[in-house]
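Report on the following structure.
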Amino acid sequence: MKYTYLGRSGLKVSRLCLGTMNFGVDTDEQESFRIMDAALDAGINFFDTANIYGWGENAGRTEEIIGRWFKQGGGRRERTVLATKFYGDMSDKHDGPNRDGGLSSYKLRRHLEASLQRLQTDHIELYQMHHVDRNVSWDELWNGFSSAQAQGKIGYVGASNFAGWDLAVAQGEAKARGILGLVSEQHKYNLLCRLPELEVLPAAKGLGIGVIPWSPLDGGLLAGNARHGGGGKRSGNSERLEKHAAQLAAYGELCDELGEREDVVSLAWLIANPAVTAPIIGVRTVEQFERSLRAVELELNEATLARIDEIFPGPGGDAPRAYAW
C-alpha cells in the first residue's frame with residue numbers, strides 16, 4: 001500500500017479510503033467484518049463512515065457495526081484512521097426543532113457524543129461536516145470544533161460537499177483564529193463528473209486541503225459491469241447508461257487495450273491527480289475490495305491520460321482561466 005499526508009496535516013493515510021456506506025444495508029455484519037479485516041491486512045488504514053449511514057430508522061447502524069468490529073481488539077482501532085460525518089437528521093425525538101439537518105454547536109456536541117458511543121471509541125481522527133450549513137457562522141463552528149479538539153475527542157476537521165468558495169471562507173476564518181482549519185474535503189469526483197476541476201480541486205490544493213472523492217465509479221457506471229447489464233444499483237442508472245453509452249464503450253475499449261478493468265483505471269486516474277488524497281471505495285464484498293487494490297499500483301502514462309481526456313472531457317481548465325480565456 002502507498003500512503004500520503006491528509007492535506008497539510010501530518011497524518012498519513014492510505015491512497016485508498018474504505019467507504020462503509022453499504023455496511024448494514026447491502027452488506028451484512030459478517031461480510032463487513034471480513035472487508036475491514038482485509039483492508040487492514042492490505043495496509044488500508046483510512047476508513048470513512050457517517051452517522052446517518054444505515055439510513056432512515058436504521059441511521060447509525062453502520063457506525064454500530066464498526067464499533068463492534070473495533071471491540072474485537074487485535075489492534076483494529078489503533079491501526080485505523082477513522083473518519084465520520086455529521087449533519088443529517090438522526091430522528092432523535094428529544095431534539096424537537098433541532099432534529100433537522102445542520103451544523104449547530106448543539107448538533108455537533110450531541111452527534112459527536114452519539115457517534116463515539118456507537119463506534120465504541122473515545123476519539124475520532126477526522127470529524128467531517130457532511131454538508132454546508134449557511135445558517136451557522138464560522139464563529140460557532142470553529143469554537144465548537146476547537147472545544148472538541150481540546151477535549152481530545154477529535155483530531156482534525158474535514159468538510160464534504162463544499163464549494164470552492166466555502167473552502168476559502170472556512171480557511172480564511174481559521175487563519176484569523178490561528179488554527180489549522182480544514183484538512184480534507186469529500187467531493188463527488190469521477191470521470192463522468194469533472195466539474196470539481198474548475199473550482200473545488202484548485203481551491204483545495206491551494207489551501208492545503210486533501211480531496212477525498214466519493215462515488216469514484218459514479219454509482220457503478222464506470223465499473224466494468226456497467227457495460228454488461230450491471231450498471232450499479234443507484235436509481236436512474238439505466239437512463240444515464242444510455243446517455244453515456246458511446247463514452248463508456250470507448251472507455252471499455254481503451255481499458256481492454258491496457259489489459260485492465262474499467263473500475264481499476266477509474267480509480268488509478270483519480271489517484272494520479274495531485275489534488276486527490278484517496279478515493280473512497282464503497283465495496284459490498286471482499287472480492288470487490290480485492291479487485292480495487294490494483295488501482296494503487298497502476299500508473300497511467302501521459303498518452304493514456306490524454307485518451308481518457310478525449311473520452312471524458314473536463315470543464316475546460318481551472319478557474320479563473322476557464323472563465324477568462
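Within each chain, counting starts at residue 1; across the C-alpha cells, chains are named A, B, ... in the order shown, with ligands numbered 1 upward in that order.
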Legend entry - region 15-155 of chain A: residues DSSP assigns to strand (DSSP E or B), reported as a list in words: Cys17, Leu18, Gly19, Phe23, Thr27, Phe46, Phe47, Asp48, Val81, Leu82, Ala83, Thr84, Lys85, Phe86, Ile124, Glu125, Leu126, Tyr127, Gln128, Met129, Ile154 and Gly155 of chain A
Inset, instruction - Excluding Glu64 (chain A) and residues on its chain fewer than 3 positions from it, collect all residues at most 12 Å away from it, counting only C-alpha atoms, and give them as a list in words. - result: Thr20, Phe23, Gly24, Glu29, Ser32, Phe33, Thr49, Ala50, Asn51, Ile52, Tyr53, Gly54, Asn58, Ala59, Gly60, Arg61, Gly67, Arg68, Trp69, Phe70, Lys71, Ala114, Ser115, Leu116, Gln117, Arg118, Leu119, Gln120 and Thr121 of chain A
For region 181-249 of chain A against region 262-270 of chain A, with a cut-off of 8 Å and counting only C-alpha atoms, what is the closest atom pair and its distance in Å to one decimal for every residue that makes the cut, ordered by chain and number, as a Markdown table?
| residue | atom | partner | partner_atom | distance |
| --- | --- | --- | --- | --- |
| A:Asn190 | CA | A:Leu270 | CA | 7.2 |
| A:Leu191 | CA | A:Ser266 | CA | 7.0 |
| A:Pro216 | CA | A:Leu267 | CA | 6.6 |
| A:Leu217 | CA | A:Asp263 | CA | 6.6 |
| A:Leu222 | CA | A:Asp263 | CA | 5.9 |
| A:Ala223 | CA | A:Asp263 | CA | 4.3 |
| A:Gly224 | CA | A:Glu262 | CA | 5.0 |
Output of the above residues as a JSON list (two decimals), in the first residue's frame, restricted to all heavy atoms:
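Final output, result-v2.json:
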[["chain", "number", "residue", "atom", "x", "y", "z"],
["A", 190, "ASN", "N", -15.35, 12.13, -10.46],
["A", 190, "ASN", "CA", -15.03, 10.95, -11.24],
["A", 190, "ASN", "C", -14.98, 11.33, -12.71],
["A", 190, "ASN", "O", -15.17, 12.50, -13.07],
["A", 190, "ASN", "CB", -16.04, 9.81, -10.98],
["A", 190, "ASN", "CG", -17.47, 10.22, -11.26],
["A", 190, "ASN", "OD1", -17.80, 10.66, -12.37],
["A", 190, "ASN", "ND2", -18.35, 10.08, -10.27],
["A", 191, "LEU", "N", -14.73, 10.36, -13.57],
["A", 191, "LEU", "CA", -14.58, 10.64, -14.99],
["A", 191, "LEU", "C", -15.84, 11.23, -15.62],
["A", 191, "LEU", "O", -15.76, 11.97, -16.62],
["A", 191, "LEU", "CB", -14.19, 9.36, -15.73],
["A", 191, "LEU", "CG", -12.74, 8.91, -15.52],
["A", 191, "LEU", "CD1", -12.55, 7.49, -16.06],
["A", 191, "LEU", "CD2", -11.77, 9.88, -16.19],
["A", 216, "PRO", "N", -16.45, 7.39, -6.81],
["A", 216, "PRO", "CA", -15.42, 7.41, -7.85],
["A", 216, "PRO", "C", -15.79, 6.61, -9.09],
["A", 216, "PRO", "O", -15.21, 6.84, -10.16],
["A", 216, "PRO", "CB", -14.21, 6.79, -7.14],
["A", 216, "PRO", "CG", -14.79, 5.92, -6.08],
["A", 216, "PRO", "CD", -16.00, 6.67, -5.61],
["A", 217, "LEU", "N", -16.78, 5.70, -8.97],
["A", 217, "LEU", "CA", -17.24, 4.92, -10.12],
["A", 217, "LEU", "C", -18.63, 5.37, -10.58],
["A", 217, "LEU", "O", -19.27, 4.70, -11.38],
["A", 217, "LEU", "CB", -17.25, 3.42, -9.79],
["A", 217, "LEU", "CG", -15.92, 2.84, -9.31],
["A", 217, "LEU", "CD1", -16.06, 1.36, -9.03],
["A", 217, "LEU", "CD2", -14.80, 3.11, -10.32],
["A", 222, "LEU", "N", -18.96, 3.48, -14.10],
["A", 222, "LEU", "CA", -17.57, 3.40, -14.55],
["A", 222, "LEU", "C", -16.91, 2.07, -14.17],
["A", 222, "LEU", "O", -15.70, 1.93, -14.29],
["A", 222, "LEU", "CB", -16.76, 4.58, -13.97],
["A", 222, "LEU", "CG", -17.17, 5.94, -14.52],
["A", 222, "LEU", "CD1", -16.60, 7.07, -13.67],
["A", 222, "LEU", "CD2", -16.70, 6.09, -15.97],
["A", 223, "ALA", "N", -17.71, 1.14, -13.70],
["A", 223, "ALA", "CA", -17.22, -0.21, -13.44],
["A", 223, "ALA", "C", -17.47, -1.07, -14.65],
["A", 223, "ALA", "O", -18.34, -0.80, -15.47],
["A", 223, "ALA", "CB", -17.92, -0.79, -12.21],
["A", 224, "GLY", "N", -16.70, -2.11, -14.82],
["A", 224, "GLY", "CA", -16.83, -2.96, -15.99],
["A", 224, "GLY", "C", -18.21, -3.56, -16.17],
["A", 224, "GLY", "O", -18.67, -3.76, -17.29]]
Based on DSSP run over this structure's backbone, return all residues of region 76-230 of chain A in alpha helix (DSSP H), as a short mmCIF file (atom, residue, chain, number, x, y, z; two decimals) with C-alpha atoms, in the first residue's frame.
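Output below, filename out-v7.cif:
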data_model
loop_
_atom_site.label_atom_id
_atom_site.label_comp_id
_atom_site.auth_asym_id
_atom_site.auth_seq_id
_atom_site.Cartn_x
_atom_site.Cartn_y
_atom_site.Cartn_z
CA SER A 105 -22.86 23.68 18.10
CA TYR A 106 -25.82 21.89 19.70
CA LYS A 107 -25.80 19.23 16.98
CA LEU A 108 -22.02 19.00 16.89
CA ARG A 109 -21.85 18.14 20.58
CA ARG A 110 -24.79 15.73 20.61
CA HIS A 111 -23.95 13.96 17.38
CA LEU A 112 -20.27 13.64 18.24
CA GLU A 113 -21.08 12.02 21.59
CA ALA A 114 -23.56 9.64 19.92
CA SER A 115 -21.05 8.65 17.23
CA LEU A 116 -18.37 7.97 19.83
CA GLN A 117 -20.79 5.71 21.69
CA ARG A 118 -21.82 3.80 18.58
CA LEU A 119 -18.23 3.45 17.39
CA TRP A 138 -17.83 30.11 11.41
CA ASP A 139 -17.52 31.65 14.88
CA GLU A 140 -19.89 28.95 16.12
CA LEU A 141 -18.33 26.20 14.05
CA TRP A 142 -14.67 26.80 14.85
CA ASN A 143 -15.44 27.33 18.53
CA GLY A 144 -17.29 24.01 18.62
CA PHE A 145 -14.58 22.10 16.77
CA SER A 146 -11.80 23.69 18.81
CA SER A 147 -13.53 22.65 22.02
CA ALA A 148 -13.88 19.05 20.80
CA GLN A 149 -10.21 19.03 19.77
CA ALA A 150 -9.13 20.42 23.15
CA GLY A 164 -14.58 26.24 -3.60
CA TRP A 165 -15.97 29.44 -2.08
CA ASP A 166 -16.96 27.63 1.11
CA LEU A 167 -13.47 26.13 1.45
CA ALA A 168 -11.87 29.54 1.01
CA VAL A 169 -14.12 31.15 3.62
CA ALA A 170 -13.54 28.30 6.08
CA GLN A 171 -9.76 28.54 5.78
CA GLY A 172 -9.80 32.33 5.98
CA GLU A 173 -11.79 32.21 9.20
CA ALA A 174 -9.48 29.52 10.60
CA LYS A 175 -6.36 31.53 9.76
CA ALA A 176 -7.83 34.57 11.55
CA ARG A 177 -8.08 32.40 14.67
CA VAL A 200 -13.02 22.85 -5.90
CA LEU A 201 -9.81 21.00 -6.76
CA PRO A 202 -7.63 24.09 -7.38
CA ALA A 203 -9.05 25.76 -4.26
CA ALA A 204 -8.39 22.69 -2.14
CA LYS A 205 -4.88 22.25 -3.49
CA GLY A 206 -4.04 25.91 -2.93
CA LEU A 207 -5.44 25.89 0.60
#
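Checking A:Ile271, A:Ala39, A:Leu126, A:Val183 one by one against Gly208 (chain A), counting only C-alpha atoms, you find the shortest gap at A:Val183.
If you look at CA of Gly152 (chain A) and CA of His123 (chain A), they are 6.6 Å away from each other.
Between CA of Val276 (chain A) and CA of Leu6 (chain A) the interatomic distance comes to 9.5 Å.
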Inset, instruction - Skip region 158-162 of chain A itself and residues of its chain fewer than 5 positions away, then list as a PyMOL selection string all residues within 10 Å of it, counting only C-alpha atoms. - result: chain A and resi 7+83-86+126-133+167-168+170+181-188+200+209-214
Inset, instruction - For CA of Gly101 (chain A) and CA of Asp89 (chain A), quote the distance in Å rounded to one decimal. - result: 4.9 Å
